[in-house]
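Worksheet for the structure shown next.
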Number of protein chains: 2
Amino acid sequence: MNTKGRVTIPTDESFVEGTKEIAAKWGADAVRDCDGTVLPSNVSELAEKVYNTYFVVRGDNEWGEKHPEETHRTFLMSERVIAEGKTLEIEVMKGYFAQQLAPDWGNLSYWEVIDRTTGSVVNGWKADRESGKVVIENAELMHEYTVNFMALVIWHPVQIYNYLTNNWTCAKQKMYDPAFPNTAKYIKEYMAKWCDDHPETNVVRFTTFLYQFTLIFNEKGKEKYVDWFGYGLCVSPALLEAFRKEYGYAMRAEDFIDGGCYANPFRVPGKKILDYMDFVARFVSETVRGLVDIVHEKGKEAMMFLGDDWIGAEPYGKYFEKMNLDAVVGSVGGGVTVRMLSEIPYVKYHEGRFLPYFFPDTFFDGNEENAVAELNRNWTTARRAMMRKPLDRMGFGGYLALAAKFPKFVDRVSEICNEFRAIVDAFGNARPYSGITVALLNCWGKQRSWMSHMVAHELWYQQIYSYQGILEALSGLAVNVKFISFDDVKKGIDEDIDVIINVGDAMTAYSGGEKWNDAEIVSAIRKWVREGHGFIGVGEPTAYVKDGRTFVLADVLGVDKEIGFTLSTDKYNIEKKDHFITEDVNGAIDYGEDMKNIYALDGTDVLDIRFSDRFKRNVNVGEVKMAANRCGKGRGVYIAGLPYSPENARILYRALYWSAGKEAEMKKAFSSNPLTECSYYPEKGKYAVVNNSAQPQKTVFYDIEGNAKELSLSAAEIRWL
Amino acid sequence: MNTKGRVTIPTDESFVEGTKEIAAKWGADAVRDCDGTVLPSNVSELAEKVYNTYFVVRGDNEWGEKHPEETHRTFLMSERVIAEGKTLEIEVMKGYFAQQLAPDWGNLSYWEVIDRTTGSVVNGWKADRESGKVVIENAELMHEYTVNFMALVIWHPVQIYNYLTNNWTCAKQKMYDPAFPNTAKYIKEYMAKWCDDHPETNVVRFTTFLYQFTLIFNEKGKEKYVDWFGYGLCVSPALLEAFRKEYGYAMRAEDFIDGGCYANPFRVPGKKILDYMDFVARFVSETVRGLVDIVHEKGKEAMMFLGDDWIGAEPYGKYFEKMNLDAVVGSVGGGVTVRMLSEIPYVKYHEGRFLPYFFPDTFFDGNEENAVAELNRNWTTARRAMMRKPLDRMGFGGYLALAAKFPKFVDRVSEICNEFRAIVDAFGNARPYSGITVALLNCWGKQRSWMSHMVAHELWYQQIYSYQGILEALSGLAVNVKFISFDDVKKGIDEDIDVIINVGDAMTAYSGGEKWNDAEIVSAIRKWVREGHGFIGVGEPTAYVKDGRTFVLADVLGVDKEIGFTLSTDKYNIEKKDHFITEDVNGAIDYGEDMKNIYALDGTDVLDIRFSDRFKRNVNVGEVKMAANRCGKGRGVYIAGLPYSPENARILYRALYWSAGKEAEMKKAFSSNPLTECSYYPEKGKYAVVNNSAQPQKTVFYDIEGNAKELSLSAAEIRWL
């Protein structure tokens with residue numbers, strides 16, 4: 001058993017001996033600093049590699065204060081105000097955090113006033129810096145107005161969070177945007193100097209590059225708006241002007257503000273915002289490449305932290321390769337985040353930061369059991385994905401001294417580190433067997449692989465978990481997973497794809513919204529399914545209300561959603577049928593937030609339906625929750641929602657095989673018990689049967705030929721066969 | 001106590017003596033026939049008045065067979081078919097009942113083929129009568145096509161229902177449309193002759209006039225489509241041509257077919273369909289007036305049955321007065337149907353047919369208790385509405401001999417008849433006290449008073465009861481109720497209105513859909529509320545997705561609906577507050593089908609909020625179910641849904657008083673216990689405190705001055721004070 005390597009631990013100057021002990025126990029070969037800690041002077045003795053955090057556009061307040069005009073900008077929408085008279089005054093900063101943001105009175109040409117009742121741009125207003133107000137003359141009585149204003153970002157948003165949450169008292173970090181000429185020059189010089197000043201550092205851990213994801217605070221210093229994908233903080237006049245010159249048209253404030261939706265990734269993106277994102281991505285990749293070249297020249301590695309100022313450096317984007325990074329690191333919340341990290345192309349290694357953080361909120365006296373439980377939960381969900389595509393390294397964050405006080409925790413991490421190394425050693429980059437290739441179809445496609453239905457990074461939202469469950473399930477299923485966009489459909493669906501999944505709420509970029517009003521896309525998918533492929537819809541797939549249908553591909557899915565327009569039509573297809581897809585179901589299926597008012601078309605097999613208990617008479621009511629439909633040589637499946645659970649992952653697995661018409665092939669490299677999963681590595685001739693549960697499990701294992709064998713697995717065991 | 005009059009009973013020739021006995025017990029002064037029964041020859045001896053059913057456009061098969069070209073027509077959409085090749089054949093009648101409907105091959109000029117994938121009309125098709133198919137050449141591969149075809153109605157839909165349900169064997173009734181010249185003449189002659197042939201008849205019970213509501217059967221003879229409001233069966237070429245001549249433009253098949261939604265009342269109506277409805281209503285009222293004049297000349301009364309062929313004779317429509325009817329009769333399912341009937345203008349009396357019908361499905365051996373229970377339930381819900389605006393007469397239907405076998409039932413009806421007469425005698429048409437005037441706002445307004453959210457008449461649908469509950473509650477609350485349209489808002493909101501209610505699902509005619517994209521309407525309501533009025537929204541009120549808002553009047557309601565576009569915005573207003581509106585609430589409120597993803601804006605009072613039990617961490621989640629918001633001098637209230645129950649009626653009552661800013665006046669002519677209600681009749685100086693429950697209740701009664709007095713009421717008692 002390999003007991004050394006592939007593990008990074010945090011350290012600081014007050015815990016040198018303890019670090020050595022734990023490094024030995026866990027087999028750690030790298031140490032890192034943490035926000036607010038200082039590396040020991042003899043850090044190189046602690047491990048083979050030393051990571052050091054590096055900030056590109058913050059951290060040097062001297063520079064920030066010298067060039068306030070080169071700070072980042074954002075476009076903000078004022079509160080909505082109803083005109084109760086001819087003159088209307090709007091205090092633009094109301095509801096915003098004055099320590100973070102300041103109106104950019106010097107760039108009024110970018111500002112707009114919008115009549116939200118008519119949707120029109122208003123002329124005839126003036127900005128009054130004294131009072132902080134915009135005054136609109138000749139307002140329409142009872143119309144709603146907002147001001148779209150440009151604001152200077154005067155305090156880095158991530159630092160605000162740490163500062164206010166952890167009562168920091170250090171200087172408030174200014175920002176500086178390398179789109180401006182002085183900062184462009186400065187960041188290169190500083191990079192070189194920093195490398196020289198940090199000979200102990202092997203890995204420059206960029207945290208991160210040029211533009212922070214959108215994170216705006218309210219007047220109380222609490223989070224007001226957060227979009228992990230948001231390009232809202234890369235709109236400095238320097239960028240906007242460069243864009244206008246290159247593209248020949250100008251972006252408007254409203255292009256970013258978008259009625260207060262701020263063009264977040266749930267919005268179906270239009271051409272302008274896509275142009276701008278591409279523009280920013282090119283600028284970021286070129287600028288970062290300049291820095292990475294310096295890092296390499298200085299004999300160090302460049303590692304990207306996937307978070308914070310990562311905007312424009314999307315790892316599945318077109319220009320990621322150009323940055324020539326050595327590694328990425330990110331936090332691991334479950335299987336989805338493992339795959340999001342481990343599949344990033346063009347880097348040498350991928351590292352995951354596991355939970356829990358060694359912070360006092362978890363590591364306080366008497367909480368050891370909970371800490372171990374969180375560790376196990378995190379590891380078990382992540383491990384499913386590792387079996388498909390492992391990370392290269394794992395690590396932890398926080399104060400190691402806190403973890404050291406919990407011996408059971410330390411021991412369990414030690415076991416996990418060994419298990420992790422065993423997994424990587426067992427098959428490394430050998431491709432595991434997949435019986436099915438599935439493509440997730442949404443507006444973002446490959447560019448946002450493993451990233452759909454996210455708001456703030458990894459946080460739980462009531463509106464997303466029922467859809468994100470699909471990704472979480474896929475992260476550990478024995479299938480190939482691709483991500484395709486509607487443009488990809490137009491170009492021709494890849495030959496290897498067996499099944500397309502479309503999942504999300506109506507009109508979002510995830511289900512597709514107006515893309516479903518495009519006859520070319522609709523026809524292409526219909527043809528492809530009828531030729532013998534599968535299409536699985538979850539939630540409100542293919543939704544675009546038109547001509548008596550809510551789901552444009554109702555003919556494929558076999559169901560539609562009643563939104564009140566076809567109540568007059570009787571719905572007789574309400575008899576639940578046994579089906580291949582639901583064979584392992586035991587009890588009520590958990591659809592999460594569920595979807596109301598789904599009904600089956602004639603000829604569709606209803607796999608699950610629920611009846612209102614309000615009305616006992618024999619009427620044609622009942623809401624279909626799952627359905628299967630044959631469509632030409634192909635098949636469609638509908639599911640109301642599918643939060644992650646082992647049982648739901650099995651439903652999805654069966655739905656994939658059924659819709660692809662490959663039911664007969666499912667029991668190859670397969671483990672019958674839904675709480676277990678089997679991975680097969682043909683190149684290595686190995687099988688792994690994993691018990692995802694915390695209890696012992698019995699299962700029937702099927703090899704690639706379909707030969708069955710009973711297995712008993714201990715709690716959380718991986719059995720290599 | 002008045003023990004005679006105001007009651008109609010069914011009779012037939014086989015139950016003459018029994019009829020006399022029961023007539024005496026119930027104080028019946030009128031007898032009627034029933035479908036499938038024959039009045040006794042000495043019927044005039046049985047009661048003061050004799051009703052006789054009369055059909056205008058069916059019943060004379062000799063005429064119908066002589067003039068098949070003058071039958072009614074409908075426009076039907078074929079099934080949706082995907083083109084899998086260049087040539088596409090669609091069998092138009094697939095899924096339709098060939099005994100009811102036949103393609104009108106002689107009127108192909110009205111037919112259309114539609115490409116539903118692009119929404120465009122297709123040229124280049126031919127109809128093949130032999131095969132029953134339409135053949136489309138040059139179809140676009142994988143596009144979805146339908147044929148909009150005209151069909152002859154060859155069997156009256158209501159008779160089909162009775163025929164198939166009750167295994168009738170009589171002749172299948174043809175129909176004939178008086179828009180054609182021969183039938184126009186015929187129906188007048190027949191009317192006169194019929195009156196002469198029926199000297200015993202005092203009241204001609206029209207069942208009903210010229211056009212049946214839309215009722216289409218499928219290939220198995222089961223209901224396929226039902227819309228109690230549908231104008232789908234008034235589209236004969238004679239009508240269409242007359243319309244074209246008058247209006248200068250032609251209606252298309254698709255105007256009626258509407259993508260398979262058939263322009264049902266949940267659809268926001270456009271100008272063309274409204275024009276056509278007005279045209280039909282004028283034609284119907286003029287034609288019916290001709291018949292009513294004959295009835296009057298013959299010394300009889302004309303009574304309209306509100307149902308069956310009632311299309312174009314809408315009792316709250318513009319032309320109803322013109323028909324000069326004497327009476328209306330309709331079935332009573334609860335309070336809403338009582339008010340729908342009892343408020344019909346321009347007739348001398350209003351009669352309600354109560355439940356249960358004397359049919360074998362209820363009146364079988366051993367089912368007496370259930371029959372009495374159904375009677376009591378029907379009476380109690382109807383009685384609430386009677387206390388506000390009573391019917392003039394009540395009656396029953398079916399076979400009296402069956403009811404006569406249940407002595408407890410007969411006795412209970414006797415008590416109810418006396419109670420009914422006592423109510424009418426107590427205040428008759430004296431207007432009861434109302435502390436509030438409330439207006440329901442939707443696309444139909446006054447024309448469809450008490451008729452919103454209905455599909456098949458009085459049937460329960462999962463998608464409507466949570467909204468219809470508002471009407472059911474209002475039918476018995478001590479408030480004035482008006483119905484207004486968006487045009488009425490534009491003309492100026494009536495001075496007497498205190499509160500507007502907008503209730504329904506997004507984009508339906510009941511919430512208003514695109515009407516909320518009209519700045520004039522939006523501004524008018526904003527202004528009106530801010531001046532000191534109330535606005536109550538239920539479900540998805542004022543919904544029209546635009547500029548970051550789902551509810552256009554979110555500023556008034558104080559809430560909006562999260563549809564995925566503003567997940568990035570934090571929602572902190574999640575603390576539930578005690579409030580005047582929820583003071584009588586005890587336990588969890590029943591919101592019926594509920595509404596997901598509602599959040600409160602800052603400053604709104606959250607009255608009820610529910611948190612997901614899936615996530616225990618302290619995050620900003622929670623779905624607001626009820627909220628109250630101050631807006632200028634006025635107030636807004638949001639409720640997620642409100643099926644009828646006494647408790648919910650009380651919530652609505654309180655919401656009305658609060659939103660009108662009249663909380664201080666609520667405890668006048670008021671009964672504190674939500675299971676009881678108080679009506680006050682100032683002209684008569686009388687109060688009625690009604691126990692709506694089947695158990696004794698204690699309550700505090702407040703007179704109009706606010707003086708309180710404790711009362712104990714026996715089960716279902718009315719206490720007159």
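Every chain in the structure tokens has a letter given in the order shown (A, B, ...), and although residue numbers restart at 1 in each chain, ligands are simply numbered from 1 in the order shown.
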Contacts of Val43 in chain B within 9 Å, only C-alpha atoms, excl. fewer than 4 positions in-chain, as a list in words: Thr11, Asp12, Glu13, Val16, Val31, Leu39, Ala47, Val50 and Glu200 of chain B
Please build the interface table for chain B against chain A with a cut-off of 7 Å, listing for each qualifying residue the nearest atom pair and the distance in Å to one decimal; count only C-alpha atoms, order rows by chain and increasing number, and write it as a tab-separated table.
residue	atom	partner	partner_atom	distance
B:Arg116	CA	A:Asp547	CA	6.7
B:Thr117	CA	A:Ala519	CA	5.9
B:Thr118	CA	A:Ala519	CA	6.2
B:Met142	CA	A:Ser523	CA	5.0
B:His143	CA	A:Ser523	CA	6.2
B:Glu223	CA	A:Asp570	CA	6.8
B:Lys224	CA	A:Asp570	CA	5.2
B:Tyr225	CA	A:Thr569	CA	4.4
B:Val226	CA	A:Ser568	CA	5.0
B:Asp227	CA	A:Ser568	CA	5.6
B:Asp258	CA	A:Asp547	CA	6.8
B:Gly259	CA	A:Asp547	CA	4.1
B:Gly260	CA	A:Gly548	CA	5.4
B:Cys261	CA	A:Thr566	CA	5.4
B:Phe266	CA	A:Phe565	CA	5.9
B:Arg267	CA	A:Phe565	CA	6.3
B:Val455	CA	A:Ser568	CA	6.0
B:Gln462	CA	A:Val621	CA	7.0
B:Thr508	CA	A:Gly564	CA	6.9
B:Ala519	CA	A:Thr117	CA	5.9
B:Ser523	CA	A:Met142	CA	4.9
B:Arg526	CA	A:Met142	CA	6.3
B:Lys527	CA	A:Met142	CA	6.2
B:Asp547	CA	A:Gly259	CA	4.1
B:Gly548	CA	A:Gly259	CA	4.6
B:Gly564	CA	A:Phe266	CA	6.3
B:Phe565	CA	A:Cys261	CA	5.8
B:Thr566	CA	A:Cys261	CA	5.4
B:Leu567	CA	A:Val455	CA	6.8
B:Ser568	CA	A:Val226	CA	5.0
B:Thr569	CA	A:Tyr225	CA	4.4
B:Asp570	CA	A:Lys224	CA	5.2
B:Val621	CA	A:Gln462	CA	7.0
Non-local contacts of Ala669 in chain A (6 Å; only C-alpha atoms; under 2 positions in same chain excluded) as a list in words: Tyr702, Asp703 and Ile704 of chain A
What does the file look like for those residues with N, CA, C and O atoms, as a compact mmCIF listing (two decimals), in the first residue's frame?
# COMPACT_ATOMS: atom_id res chain seq x y z
N TYR A 702 -21.93 -8.36 -11.35
CA TYR A 702 -21.91 -8.94 -12.69
C TYR A 702 -20.64 -8.48 -13.38
O TYR A 702 -20.37 -7.27 -13.43
N ASP A 703 -19.87 -9.42 -13.94
CA ASP A 703 -18.67 -8.99 -14.66
C ASP A 703 -19.06 -8.54 -16.07
O ASP A 703 -20.25 -8.51 -16.42
N ILE A 704 -18.09 -8.19 -16.86
CA ILE A 704 -18.36 -7.60 -18.17
C ILE A 704 -19.03 -8.60 -19.12
O ILE A 704 -19.65 -8.21 -20.11
DSSP-assigned strand (DSSP E or B) among range 519-695 of chain A, expressed as an NGL selection string: :A and (534-539 or 543-546 or 549-551 or 559-561 or 569 or 576 or 598-600 or 605-610 or 623-631 or 634-639 or 670-671 or 676-681 or 686-691)
All helix (DSSP H, G or I) positions in range 79-175 of chain B, as JSON, numbers by chain: {"B": [105, 106, 107, 108, 109, 110, 157, 158, 159, 160, 161, 162, 163, 164, 165]}
Surrounding residues of Ala688 in chain B excluding itself and chain neighbours under 2 positions, 7 Å, only C-alpha atoms, as a ChimeraX atom specification: /B:678-680,686,690,718-721
Nearest residue to Ala385 in chain A from the set A:Phe358, A:Phe409, A:Trp450, A:Tyr544 (distances using only C-alpha atoms):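 Among the listed residues, the smallest separation from Ala385 in chain A belongs to A:Trp450.
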